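Q: I'm passing along structure39.cif; it holds mmCIF, C-alpha atoms and all ligand atoms.
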data_my_file
loop_
_atom_site.group_PDB
_atom_site.id
_atom_site.type_symbol
_atom_site.label_atom_id
_atom_site.label_comp_id
_atom_site.auth_asym_id
_atom_site.auth_seq_id
_atom_site.Cartn_x
_atom_site.Cartn_y
_atom_site.Cartn_z
ATOM 1 C CA MET A 1 -163.599 -43.451 -23.390
ATOM 2 C CA ASN A 2 -165.937 -40.467 -23.288
ATOM 3 C CA ASN A 3 -168.568 -39.407 -20.803
ATOM 4 C CA PHE A 4 -172.120 -38.152 -21.151
ATOM 5 C CA HIS A 5 -170.959 -34.547 -20.808
ATOM 6 C CA ASP A 6 -168.883 -34.841 -24.007
ATOM 7 C CA LEU A 7 -171.915 -36.246 -25.780
ATOM 8 C CA HIS A 8 -174.263 -33.485 -24.617
ATOM 9 C CA SER A 9 -171.878 -30.833 -25.966
ATOM 10 C CA LEU A 10 -171.329 -32.701 -29.229
ATOM 11 C CA PHE A 11 -175.083 -32.920 -29.789
ATOM 12 C CA LYS A 12 -175.504 -29.247 -28.949
ATOM 13 C CA GLN A 13 -172.788 -28.194 -31.414
ATOM 14 C CA HIS A 14 -174.139 -29.988 -34.491
ATOM 15 C CA GLN A 15 -177.257 -29.861 -36.613
ATOM 16 C CA THR A 16 -177.425 -32.995 -38.809
ATOM 17 C CA PHE A 17 -177.366 -36.541 -37.467
ATOM 18 C CA ALA A 18 -177.696 -40.086 -38.744
ATOM 19 C CA ILE A 19 -178.341 -43.089 -36.507
ATOM 20 C CA SER A 20 -177.718 -46.753 -37.278
ATOM 21 C CA THR A 21 -177.410 -50.126 -35.568
ATOM 22 C CA HIS A 22 -176.452 -53.745 -36.209
ATOM 23 C CA VAL A 23 -177.894 -56.054 -38.882
ATOM 24 C CA ASN A 24 -180.965 -58.031 -37.803
ATOM 25 C CA PRO A 25 -181.898 -55.298 -35.336
ATOM 26 C CA ASP A 26 -183.508 -56.416 -32.069
ATOM 27 C CA GLY A 27 -185.696 -54.644 -29.522
ATOM 28 C CA ASP A 28 -182.731 -52.926 -27.878
ATOM 29 C CA ALA A 29 -181.305 -51.723 -31.185
ATOM 30 C CA ILE A 30 -184.590 -50.317 -32.482
ATOM 31 C CA GLY A 31 -185.820 -48.989 -29.123
ATOM 32 C CA SER A 32 -182.520 -47.165 -28.574
ATOM 33 C CA GLU A 33 -182.514 -45.705 -32.094
ATOM 34 C CA LEU A 34 -186.053 -44.370 -31.743
ATOM 35 C CA ALA A 35 -185.444 -42.911 -28.278
ATOM 36 C CA LEU A 36 -182.386 -41.003 -29.471
ATOM 37 C CA TYR A 37 -184.156 -40.007 -32.684
ATOM 38 C CA THR A 38 -187.039 -38.416 -30.749
ATOM 39 C CA TYR A 39 -184.656 -36.601 -28.434
ATOM 40 C CA LEU A 40 -182.600 -35.076 -31.260
ATOM 41 C CA TYR A 41 -185.700 -34.307 -33.336
ATOM 42 C CA LYS A 42 -187.227 -32.418 -30.434
ATOM 43 C CA LEU A 43 -184.016 -30.394 -30.154
ATOM 44 C CA GLY A 44 -184.740 -29.211 -33.708
ATOM 45 C CA LYS A 45 -182.001 -31.291 -35.328
ATOM 46 C CA THR A 46 -182.195 -32.997 -38.702
ATOM 47 C CA VAL A 47 -182.107 -36.708 -37.895
ATOM 48 C CA LYS A 48 -182.176 -39.795 -40.100
ATOM 49 C CA ILE A 49 -182.143 -43.473 -39.173
ATOM 50 C CA TYR A 50 -180.722 -46.011 -41.637
ATOM 51 C CA ASN A 51 -180.698 -49.752 -41.024
ATOM 52 C CA THR A 52 -179.451 -52.584 -43.201
ATOM 53 C CA ASP A 53 -182.390 -54.824 -42.274
ATOM 54 C CA PRO A 54 -186.055 -53.819 -41.965
ATOM 55 C CA VAL A 55 -187.863 -53.378 -38.652
ATOM 56 C CA PRO A 56 -189.342 -56.787 -37.703
ATOM 57 C CA LYS A 57 -193.119 -56.779 -37.567
ATOM 58 C CA LYS A 58 -193.217 -57.292 -33.817
ATOM 59 C CA TYR A 59 -191.492 -53.923 -33.277
ATOM 60 C CA GLN A 60 -193.794 -52.028 -35.587
ATOM 61 C CA PHE A 61 -195.863 -50.895 -32.601
ATOM 62 C CA LEU A 62 -193.013 -48.654 -31.418
ATOM 63 C CA PRO A 63 -193.724 -44.947 -32.042
ATOM 64 C CA ASN A 64 -191.920 -43.583 -35.140
ATOM 65 C CA TRP A 65 -190.667 -46.990 -36.304
ATOM 66 C CA GLU A 66 -191.617 -45.951 -39.849
ATOM 67 C CA LYS A 67 -188.963 -43.214 -39.741
ATOM 68 C CA ILE A 68 -186.340 -45.956 -40.033
ATOM 69 C CA GLU A 69 -185.084 -46.011 -43.623
ATOM 70 C CA ASN A 70 -183.248 -48.708 -45.538
ATOM 71 C CA ALA A 71 -179.548 -48.682 -46.380
ATOM 72 C CA GLN A 72 -180.037 -47.477 -49.977
ATOM 73 C CA ALA A 73 -181.694 -44.299 -48.687
ATOM 74 C CA ALA A 74 -178.364 -43.362 -47.067
ATOM 75 C CA LYS A 75 -176.717 -42.971 -50.484
ATOM 76 C CA ASP A 76 -176.209 -39.201 -50.493
ATOM 77 C CA CYS A 77 -176.407 -38.637 -46.769
ATOM 78 C CA SER A 78 -173.431 -37.034 -45.129
ATOM 79 C CA PRO A 79 -174.465 -36.093 -41.611
ATOM 80 C CA GLU A 80 -172.236 -34.072 -39.337
ATOM 81 C CA VAL A 81 -172.528 -36.767 -36.698
ATOM 82 C CA LEU A 82 -173.118 -40.499 -37.139
ATOM 83 C CA ILE A 83 -174.366 -42.389 -34.085
ATOM 84 C CA ILE A 84 -173.950 -46.167 -34.010
ATOM 85 C CA LEU A 85 -175.952 -47.982 -31.344
ATOM 86 C CA ASP A 86 -175.655 -51.499 -29.912
ATOM 87 C CA ALA A 87 -173.061 -52.639 -32.488
ATOM 88 C CA SER A 88 -169.868 -54.196 -31.159
ATOM 89 C CA SER A 89 -167.964 -53.268 -34.322
ATOM 90 C CA LEU A 90 -168.531 -50.979 -37.312
ATOM 91 C CA ASP A 91 -168.819 -54.051 -39.573
ATOM 92 C CA ARG A 92 -172.000 -54.979 -37.721
ATOM 93 C CA ILE A 93 -173.993 -52.155 -39.391
ATOM 94 C CA GLY A 94 -173.633 -53.913 -42.756
ATOM 95 C CA ASN A 95 -171.230 -53.394 -45.659
ATOM 96 C CA TYR A 96 -173.203 -50.845 -47.636
ATOM 97 C CA LEU A 97 -173.902 -48.511 -44.708
ATOM 98 C CA LYS A 98 -170.328 -48.825 -43.512
ATOM 99 C CA LYS A 99 -169.118 -47.743 -46.936
ATOM 100 C CA CYS A 100 -171.498 -44.876 -47.680
ATOM 101 C CA LEU A 101 -172.484 -43.448 -44.301
ATOM 102 C CA ILE A 102 -169.441 -41.289 -43.601
ATOM 103 C CA PRO A 103 -170.006 -38.365 -41.219
ATOM 104 C CA ILE A 104 -168.362 -34.967 -41.677
ATOM 105 C CA ASN A 105 -167.390 -34.513 -38.045
ATOM 106 C CA ALA A 106 -167.690 -37.491 -35.748
ATOM 107 C CA VAL A 107 -168.748 -41.080 -35.185
ATOM 108 C CA VAL A 108 -170.422 -41.770 -31.848
ATOM 109 C CA ASN A 109 -170.418 -45.360 -30.597
ATOM 110 C CA ILE A 110 -172.790 -46.308 -27.776
ATOM 111 C CA ASP A 111 -172.779 -49.973 -26.767
ATOM 112 C CA HIS A 112 -172.891 -52.444 -23.902
ATOM 113 C CA HIS A 113 -171.310 -55.535 -25.493
ATOM 114 C CA ILE A 114 -168.325 -56.983 -23.683
ATOM 115 C CA THR A 115 -166.618 -57.432 -27.074
ATOM 116 C CA ALA A 116 -167.315 -53.817 -28.101
ATOM 117 C CA GLU A 117 -164.583 -52.111 -30.113
ATOM 118 C CA ALA A 118 -163.892 -48.405 -29.560
ATOM 119 C CA PHE A 119 -164.331 -47.590 -33.272
ATOM 120 C CA GLY A 120 -165.916 -44.157 -32.707
ATOM 121 C CA ASP A 121 -164.448 -40.699 -32.234
ATOM 122 C CA TYR A 122 -166.688 -40.729 -29.172
ATOM 123 C CA ASN A 123 -167.117 -44.032 -27.361
ATOM 124 C CA ILE A 124 -169.588 -44.742 -24.578
ATOM 125 C CA ILE A 125 -169.100 -48.441 -23.869
ATOM 126 C CA VAL A 126 -170.685 -49.773 -20.674
ATOM 127 C CA PRO A 127 -170.480 -53.586 -20.452
ATOM 128 C CA THR A 128 -172.193 -53.522 -17.045
ATOM 129 C CA ALA A 129 -175.330 -51.990 -18.551
ATOM 130 C CA SER A 130 -178.118 -54.457 -19.358
ATOM 131 C CA SER A 131 -178.747 -52.851 -22.709
ATOM 132 C CA THR A 132 -177.984 -49.879 -24.901
ATOM 133 C CA ALA A 133 -181.423 -48.567 -23.884
ATOM 134 C CA GLU A 134 -180.210 -48.467 -20.257
ATOM 135 C CA ILE A 135 -177.210 -46.334 -21.310
ATOM 136 C CA ILE A 136 -179.473 -43.973 -23.277
ATOM 137 C CA PHE A 137 -181.759 -43.662 -20.238
ATOM 138 C CA LYS A 138 -178.788 -42.667 -18.092
ATOM 139 C CA PHE A 139 -177.640 -40.241 -20.753
ATOM 140 C CA PHE A 140 -181.042 -38.525 -20.678
ATOM 141 C CA LYS A 141 -181.015 -38.449 -16.859
ATOM 142 C CA SER A 142 -177.519 -36.956 -16.808
ATOM 143 C CA GLY A 143 -178.801 -34.000 -18.846
ATOM 144 C CA GLN A 144 -182.079 -33.681 -16.913
ATOM 145 C CA ILE A 145 -183.840 -34.423 -20.176
ATOM 146 C CA LEU A 146 -187.531 -35.126 -19.877
ATOM 147 C CA ILE A 147 -188.434 -38.619 -21.088
ATOM 148 C CA ASP A 148 -191.773 -38.442 -22.900
ATOM 149 C CA PRO A 149 -194.219 -41.406 -22.924
ATOM 150 C CA ASN A 150 -193.212 -42.527 -26.431
ATOM 151 C CA THR A 151 -189.534 -42.518 -25.532
ATOM 152 C CA ALA A 152 -190.277 -44.384 -22.291
ATOM 153 C CA LEU A 153 -191.987 -47.132 -24.288
ATOM 154 C CA CYS A 154 -189.059 -47.445 -26.723
ATOM 155 C CA LEU A 155 -186.500 -47.668 -23.912
ATOM 156 C CA TYR A 156 -188.643 -50.137 -21.963
ATOM 157 C CA ALA A 157 -188.871 -52.382 -25.051
ATOM 158 C CA GLY A 158 -185.061 -52.286 -25.273
ATOM 159 C CA LEU A 159 -184.588 -53.225 -21.626
ATOM 160 C CA MET A 160 -187.209 -55.939 -21.792
ATOM 161 C CA PHE A 161 -185.720 -57.546 -24.890
ATOM 162 C CA ASP A 162 -182.068 -57.559 -23.822
ATOM 163 C CA THR A 163 -182.815 -58.917 -20.344
ATOM 164 C CA GLY A 164 -185.083 -61.652 -21.708
ATOM 165 C CA CYS A 165 -188.010 -60.047 -19.910
ATOM 166 C CA PHE A 166 -185.904 -59.277 -16.830
ATOM 167 C CA ARG A 167 -184.700 -62.818 -16.235
ATOM 168 C CA PHE A 168 -181.152 -62.943 -17.660
ATOM 169 C CA SER A 169 -178.079 -62.403 -15.492
ATOM 170 C CA ASN A 170 -177.693 -58.831 -16.805
ATOM 171 C CA THR A 171 -180.832 -57.850 -14.852
ATOM 172 C CA THR A 172 -179.601 -55.745 -11.918
ATOM 173 C CA PRO A 173 -181.517 -53.851 -9.241
ATOM 174 C CA GLU A 174 -180.713 -50.750 -11.260
ATOM 175 C CA THR A 175 -182.196 -52.276 -14.427
ATOM 176 C CA LEU A 176 -185.426 -52.965 -12.568
ATOM 177 C CA ARG A 177 -185.480 -49.451 -11.078
ATOM 178 C CA ILE A 178 -185.060 -47.983 -14.545
ATOM 179 C CA ALA A 179 -187.829 -50.254 -15.859
ATOM 180 C CA ALA A 180 -190.091 -49.052 -13.032
ATOM 181 C CA ASP A 181 -189.268 -45.411 -13.854
ATOM 182 C CA LEU A 182 -190.048 -46.031 -17.527
ATOM 183 C CA ILE A 183 -193.419 -47.586 -16.695
ATOM 184 C CA GLU A 184 -194.241 -44.504 -14.605
ATOM 185 C CA LEU A 185 -193.029 -42.100 -17.301
ATOM 186 C CA GLY A 186 -194.805 -44.005 -20.034
ATOM 187 C CA ASP A 187 -198.339 -44.586 -21.057
ATOM 188 C CA PHE A 188 -198.189 -48.360 -21.625
ATOM 189 C CA ALA A 189 -198.983 -51.580 -19.809
ATOM 190 C CA PRO A 190 -195.981 -53.947 -19.461
ATOM 191 C CA ASP A 191 -198.122 -57.001 -20.270
ATOM 192 C CA GLU A 192 -199.229 -55.390 -23.525
ATOM 193 C CA VAL A 193 -195.627 -54.707 -24.533
ATOM 194 C CA TYR A 194 -194.847 -58.368 -23.807
ATOM 195 C CA THR A 195 -197.804 -59.465 -25.929
ATOM 196 C CA GLU A 196 -196.703 -57.252 -28.847
ATOM 197 C CA VAL A 197 -193.175 -58.649 -28.858
ATOM 198 C CA TYR A 198 -193.642 -62.301 -27.896
ATOM 199 C CA GLU A 199 -197.235 -63.348 -28.424
ATOM 200 C CA GLN A 200 -197.988 -62.374 -31.998
ATOM 201 C CA LEU A 201 -196.407 -65.496 -33.461
ATOM 202 C CA ARG A 202 -197.415 -66.761 -36.833
ATOM 203 C CA LEU A 203 -198.422 -70.413 -36.973
ATOM 204 C CA GLY A 204 -195.507 -71.073 -39.330
ATOM 205 C CA LYS A 205 -193.040 -70.235 -36.557
ATOM 206 C CA ILE A 206 -194.495 -72.936 -34.311
ATOM 207 C CA HIS A 207 -194.281 -75.435 -37.168
ATOM 208 C CA LEU A 208 -190.676 -74.383 -37.765
ATOM 209 C CA LEU A 209 -189.916 -74.847 -34.054
ATOM 210 C CA GLY A 210 -191.401 -78.348 -34.288
ATOM 211 C CA GLN A 211 -189.173 -79.260 -37.242
ATOM 212 C CA THR A 212 -186.134 -77.658 -35.635
ATOM 213 C CA LEU A 213 -186.513 -79.511 -32.335
ATOM 214 C CA ARG A 214 -186.474 -82.779 -34.280
ATOM 215 C CA THR A 215 -182.846 -81.985 -35.166
ATOM 216 C CA LEU A 216 -181.868 -81.675 -31.488
ATOM 217 C CA ASN A 217 -178.582 -83.327 -30.582
ATOM 218 C CA LEU A 218 -176.654 -83.539 -27.318
ATOM 219 C CA SER A 219 -172.968 -84.180 -26.708
ATOM 220 C CA GLY A 220 -172.082 -87.423 -24.913
ATOM 221 C CA ASP A 221 -172.054 -85.814 -21.474
ATOM 222 C CA GLY A 222 -175.145 -83.721 -22.216
ATOM 223 C CA SER A 223 -173.336 -80.405 -21.733
ATOM 224 C CA ILE A 224 -173.741 -79.140 -25.317
ATOM 225 C CA ALA A 225 -177.026 -79.077 -27.199
ATOM 226 C CA TRP A 226 -177.475 -78.053 -30.807
ATOM 227 C CA ILE A 227 -180.214 -77.608 -33.361
ATOM 228 C CA LEU A 228 -180.219 -76.989 -37.074
ATOM 229 C CA VAL A 229 -182.453 -74.858 -39.300
ATOM 230 C CA THR A 230 -182.182 -75.371 -43.061
ATOM 231 C CA GLN A 231 -183.421 -73.229 -45.930
ATOM 232 C CA SER A 232 -185.801 -76.005 -46.944
ATOM 233 C CA MET A 233 -187.380 -75.973 -43.458
ATOM 234 C CA LEU A 234 -187.909 -72.206 -43.791
ATOM 235 C CA LYS A 235 -189.455 -72.681 -47.210
ATOM 236 C CA ASP A 236 -191.647 -75.537 -46.029
ATOM 237 C CA THR A 237 -193.074 -73.531 -43.111
ATOM 238 C CA GLU A 238 -193.140 -70.206 -45.000
ATOM 239 C CA THR A 239 -190.922 -68.576 -42.416
ATOM 240 C CA THR A 240 -187.745 -66.489 -42.477
ATOM 241 C CA LEU A 241 -184.531 -66.348 -40.468
ATOM 242 C CA ASP A 242 -186.224 -63.809 -38.145
ATOM 243 C CA ASP A 243 -188.567 -66.557 -37.000
ATOM 244 C CA VAL A 244 -185.642 -68.561 -35.597
ATOM 245 C CA GLU A 245 -185.147 -65.966 -32.836
ATOM 246 C CA GLY A 246 -185.607 -67.548 -29.416
ATOM 247 C CA PHE A 247 -185.178 -71.183 -30.499
ATOM 248 C CA VAL A 248 -181.716 -71.432 -28.967
ATOM 249 C CA ASN A 249 -183.151 -70.451 -25.560
ATOM 250 C CA GLN A 250 -185.506 -73.426 -25.716
ATOM 251 C CA ILE A 251 -182.642 -75.930 -25.784
ATOM 252 C CA GLN A 252 -180.576 -73.882 -23.346
ATOM 253 C CA ALA A 253 -183.319 -74.719 -20.837
ATOM 254 C CA ILE A 254 -182.471 -78.445 -20.865
ATOM 255 C CA ALA A 255 -181.043 -79.572 -17.496
ATOM 256 C CA GLY A 256 -177.278 -80.111 -17.684
ATOM 257 C CA VAL A 257 -176.755 -78.063 -20.849
ATOM 258 C CA GLU A 258 -173.900 -75.567 -20.522
ATOM 259 C CA VAL A 259 -173.727 -74.425 -24.148
ATOM 260 C CA ALA A 260 -176.589 -74.257 -26.634
ATOM 261 C CA ILE A 261 -175.998 -73.797 -30.359
ATOM 262 C CA CYS A 262 -178.488 -72.927 -33.066
ATOM 263 C CA ALA A 263 -177.111 -73.219 -36.616
ATOM 264 C CA CYS A 264 -179.123 -71.633 -39.428
ATOM 265 C CA GLU A 265 -178.391 -72.240 -43.047
ATOM 266 C CA LEU A 266 -178.228 -68.916 -44.927
ATOM 267 C CA PRO A 267 -179.448 -68.508 -48.532
ATOM 268 C CA ASP A 268 -175.801 -68.637 -49.711
ATOM 269 C CA GLY A 269 -175.245 -71.990 -47.990
ATOM 270 C CA ASN A 270 -173.165 -70.556 -45.155
ATOM 271 C CA THR A 271 -174.230 -70.584 -41.513
ATOM 272 C CA LYS A 272 -175.522 -68.124 -38.965
ATOM 273 C CA ILE A 273 -174.797 -69.271 -35.433
ATOM 274 C CA SER A 274 -176.495 -68.275 -32.165
ATOM 275 C CA LEU A 275 -174.861 -69.308 -28.903
ATOM 276 C CA ARG A 276 -176.091 -69.392 -25.320
ATOM 277 C CA SER A 277 -174.226 -70.300 -22.149
ATOM 278 C CA GLU A 278 -175.485 -71.311 -18.747
ATOM 279 C CA GLY A 279 -172.734 -69.095 -17.306
ATOM 280 C CA LYS A 280 -169.573 -71.184 -17.018
ATOM 281 C CA VAL A 281 -168.445 -71.029 -20.641
ATOM 282 C CA ASP A 282 -167.795 -67.612 -22.185
ATOM 283 C CA VAL A 283 -169.624 -67.831 -25.507
ATOM 284 C CA ALA A 284 -168.539 -64.286 -26.473
ATOM 285 C CA ALA A 285 -165.003 -65.686 -26.626
ATOM 286 C CA LEU A 286 -166.237 -68.740 -28.506
ATOM 287 C CA ALA A 287 -168.008 -66.527 -31.070
ATOM 288 C CA ALA A 288 -164.943 -64.288 -31.331
ATOM 289 C CA GLU A 289 -162.932 -67.284 -32.601
ATOM 290 C CA PHE A 290 -165.186 -67.086 -35.643
ATOM 291 C CA LYS A 291 -165.131 -63.261 -35.866
ATOM 292 C CA GLY A 292 -168.473 -62.953 -34.069
ATOM 293 C CA GLY A 293 -169.348 -61.152 -30.886
ATOM 294 C CA GLY A 294 -171.864 -60.578 -28.138
ATOM 295 C CA HIS A 295 -172.066 -61.262 -24.446
ATOM 296 C CA GLU A 296 -170.552 -63.927 -22.188
ATOM 297 C CA ARG A 297 -173.872 -65.760 -22.092
ATOM 298 C CA ALA A 298 -175.401 -64.845 -25.453
ATOM 299 C CA SER A 299 -173.478 -64.361 -28.669
ATOM 300 C CA GLY A 300 -173.412 -65.137 -32.357
ATOM 301 C CA CYS A 301 -171.285 -65.385 -35.478
ATOM 302 C CA ARG A 302 -171.370 -66.282 -39.153
ATOM 303 C CA ILE A 303 -169.300 -69.200 -40.390
ATOM 304 C CA ASN A 304 -168.543 -69.541 -44.101
ATOM 305 C CA HIS A 305 -169.269 -73.263 -44.177
ATOM 306 C CA PRO A 306 -172.448 -75.307 -44.450
ATOM 307 C CA PRO A 307 -174.252 -75.871 -41.112
ATOM 308 C CA THR A 308 -173.020 -79.417 -40.443
ATOM 309 C CA SER A 309 -169.340 -78.507 -40.789
ATOM 310 C CA ALA A 310 -169.909 -75.213 -38.943
ATOM 311 C CA ILE A 311 -171.346 -77.160 -36.002
ATOM 312 C CA LYS A 312 -168.395 -79.543 -36.107
ATOM 313 C CA MET A 313 -165.966 -76.621 -35.852
ATOM 314 C CA LEU A 314 -167.904 -75.090 -32.969
ATOM 315 C CA LEU A 315 -168.208 -78.383 -31.095
ATOM 316 C CA GLU A 316 -164.455 -78.838 -31.096
ATOM 317 C CA SER A 317 -163.889 -75.495 -29.437
ATOM 318 C CA ALA A 318 -166.921 -75.752 -27.139
ATOM 319 C CA ASN A 319 -165.821 -79.193 -25.929
ATOM 320 C CA GLN A 320 -162.360 -77.843 -25.148
ATOM 321 C CA ARG A 321 -163.848 -74.928 -23.210
ATOM 322 C CA ILE A 322 -166.054 -77.264 -21.205
ATOM 323 C CA LYS A 323 -163.031 -79.448 -20.370
ATOM 324 C CA ASN A 324 -161.236 -76.324 -19.160
ATOM 325 C CA ILE A 325 -163.954 -75.467 -16.636
ATOM 326 C CA ARG A 326 -164.042 -78.977 -15.135
HETATM 327 MN MN MN B 401 -178.287 -54.685 -26.851
#
Show me this structure written as structure tokens.
Ligand SMILES: [Mn+2]
A:
Amino acid sequence: MNNFHDLHSLFKQHQTFAISTHVNPDGDAIGSELALYTYLYKLGKTVKIYNTDPVPKKYQFLPNWEKIENAQAAKDCSPEVLIILDASSLDRIGNYLKKCLIPINAVVNIDHHITAEAFGDYNIIVPTASSTAEIIFKFFKSGQILIDPNTALCLYAGLMFDTGCFRFSNTTPETLRIAADLIELGDFAPDEVYTEVYEQLRLGKIHLLGQTLRTLNLSGDGSIAWILVTQSMLKDTETTLDDVEGFVNQIQAIAGVEVAICACELPDGNTKISLRSEGKVDVAALAAEFKGGGHERASGCRINHPPTSAIKMLLESANQRIKNIR
């Protein structure tokens, strides 16, 4: 494991950088990318950001979001240093980027997932940090680097997203102190950031939520809840997989539920799974059984089966895990 000092010298010694993050990038992934981008750019470095999936609309208020390029643009890019943010394994950046984005000198891996693999030449893995944005903030502080208002906004968005607006168990006094610092350093109102990210919903998403909640099922003892989203529901409501974000939290809120599962049918017929835990069952371990990853209380995986059989497979393991805690 490396420290911030190693990273400061690495950045000083090189001139060309590429940054990437996991597929379906969230507020932490994008906020962290943009914060680091601005920092390196201001140092006079050549910096590129390549993501497999586009920036969701709700993050298109973040300064410089349009600098994020798609995977194809990385075709002839060979940076001296490749920085991977918020991805628990190199596979998470997507097949194409993994194949073509090969740095000349070093891979830097900065992450806070408990399942994080040390795949980099430099690894800064801090599972106690609320978010990758929190690690980046500390990295800046360690080098007495001035955080400009744009960067403060990007980091704040990362913290806010990964802590579920400062209500998940990863919210520590330190997280809140950093958030307070970022509000002071920035030029934004926290309620406006919330509105940008959570209150610009399209009507279709609410209709999709309605259809999805009709599929709600509970295990006999009420400890596991699951919902199902099919391709035909997405078509019917003119929504995409992005719109499913947050649904699993709705059913997690049911009294007595320990594990919540949201199963989404992918265009190829396979299933994308999101998992939430009330705290007793480690859903990072549950996801890892299916080659997924994440945090103890929030994780995900892809299962190469249709949703109904994917749920069956998950229920078996989830039931066993619930038995083990009783
Ligand atoms: Mn994160």
Q: Starting from the PyMOL selection byres (((chain A and resi 146) around 12) and not hetatm), expand the selection into actual residues of this file and give them as number ranges by chain.
A: A: 35, 38-39, 42-43, 137-145, 147-152, 182, 185-186
Q: Mind writing the picked residues with C-alpha atoms as a PDB file, in the frame of the given file?
A:
ATOM      1  CA  ALA A  35    -185.444 -42.911 -28.278  1.00  0.00           C
ATOM      2  CA  THR A  38    -187.039 -38.416 -30.749  1.00  0.00           C
ATOM      3  CA  TYR A  39    -184.656 -36.601 -28.434  1.00  0.00           C
ATOM      4  CA  LYS A  42    -187.227 -32.418 -30.434  1.00  0.00           C
ATOM      5  CA  LEU A  43    -184.016 -30.394 -30.154  1.00  0.00           C
ATOM      6  CA  PHE A 137    -181.759 -43.662 -20.238  1.00  0.00           C
ATOM      7  CA  LYS A 138    -178.788 -42.667 -18.092  1.00  0.00           C
ATOM      8  CA  PHE A 139    -177.640 -40.241 -20.753  1.00  0.00           C
ATOM      9  CA  PHE A 140    -181.042 -38.525 -20.678  1.00  0.00           C
ATOM     10  CA  LYS A 141    -181.015 -38.449 -16.859  1.00  0.00           C
ATOM     11  CA  SER A 142    -177.519 -36.956 -16.808  1.00  0.00           C
ATOM     12  CA  GLY A 143    -178.801 -34.000 -18.846  1.00  0.00           C
ATOM     13  CA  GLN A 144    -182.079 -33.681 -16.913  1.00  0.00           C
ATOM     14  CA  ILE A 145    -183.840 -34.423 -20.176  1.00  0.00           C
ATOM     15  CA  ILE A 147    -188.434 -38.619 -21.088  1.00  0.00           C
ATOM     16  CA  ASP A 148    -191.773 -38.442 -22.900  1.00  0.00           C
ATOM     17  CA  PRO A 149    -194.219 -41.406 -22.924  1.00  0.00           C
ATOM     18  CA  ASN A 150    -193.212 -42.527 -26.431  1.00  0.00           C
ATOM     19  CA  THR A 151    -189.534 -42.518 -25.532  1.00  0.00           C
ATOM     20  CA  ALA A 152    -190.277 -44.384 -22.291  1.00  0.00           C
ATOM     21  CA  LEU A 182    -190.048 -46.031 -17.527  1.00  0.00           C
ATOM     22  CA  LEU A 185    -193.029 -42.100 -17.301  1.00  0.00           C
ATOM     23  CA  GLY A 186    -194.805 -44.005 -20.034  1.00  0.00           C
TER      24      GLY A 186
END
Q: Of the residues A:Ser9, A:Asn217, A:Asn109, A:Ser32, which is the one nearest to ligand MN 401 (chain B), using only C-alpha atoms and all ligand atoms?
A: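 Nearest candidate to ligand MN 401 (chain B) out of A:Ser9, A:Asn217, A:Asn109, A:Ser32: A:Ser32.
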Q: Would you compute the distance between atom CA of A:Val281 and atom CA of A:Arg297? Give it in Å to one decimal.
A: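 Separating atom CA of A:Val281 from atom CA of A:Arg297 is a distance of 7.7 Å.
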Q: Would you pick out the contacts of A:Thr115 at 8 Å or less, using only C-alpha atoms, so that residues sharing its chain but fewer than 2 positions from it are not included, and give the list as number ranges by chain?
A: A: 88, 113, 117, 284, 293-295
Q: Restrict the calculation to all atoms listed in the file, then for each residue of chain A with any atom at most 7 Å from an atom of ligand MN 401 (chain B) give the closest atom pair and their distance in Å to one decimal, rows by chain and rising residue number, as JSON lines.
A:
{"residue": "A:Asp28", "atom": "CA", "partner": "B:MN401", "partner_atom": "MN", "distance": 4.9}
{"residue": "A:Ala29", "atom": "CA", "partner": "B:MN401", "partner_atom": "MN", "distance": 6.1}
{"residue": "A:Asp86", "atom": "CA", "partner": "B:MN401", "partner_atom": "MN", "distance": 5.1}
{"residue": "A:His112", "atom": "CA", "partner": "B:MN401", "partner_atom": "MN", "distance": 6.5}
{"residue": "A:Ser131", "atom": "CA", "partner": "B:MN401", "partner_atom": "MN", "distance": 4.6}
{"residue": "A:Thr132", "atom": "CA", "partner": "B:MN401", "partner_atom": "MN", "distance": 5.2}
{"residue": "A:Asp162", "atom": "CA", "partner": "B:MN401", "partner_atom": "MN", "distance": 5.6}
Q: Please check which residues have atoms at most 9 Å from (-178.3, -76.8, -33.5) in the file's coordinates, counting only C-alpha atoms, and write them as a ChimeraX atom specification.
A: /A:212-213,215-217,225-229,248,251,260-264,273-274,307,311
Q: Leaving out A:Ala129 and any residue of its chain fewer than 6 positions from it, which residues lie within 9 Å of it when counting only C-alpha atoms, given as a ChimeraX atom specification?
A: /A:111-113,135,170-172,175
Q: Using the chain letters and residue numbers of this document, give as a ChimeraX atom specification the residues selected by the PyMOL selection byres (((chain A and resi 286) around 12) and not hetatm).
A: /A:115,259-261,273-277,281-285,287-301,313-322
Q: Just give me the gap between atom CA of A:Tyr41 and atom CA of A:Ile102 in Å, one decimal is fine.
A: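 Computed distance, atom CA of A:Tyr41 to atom CA of A:Ile102, equals 20.5 Å.
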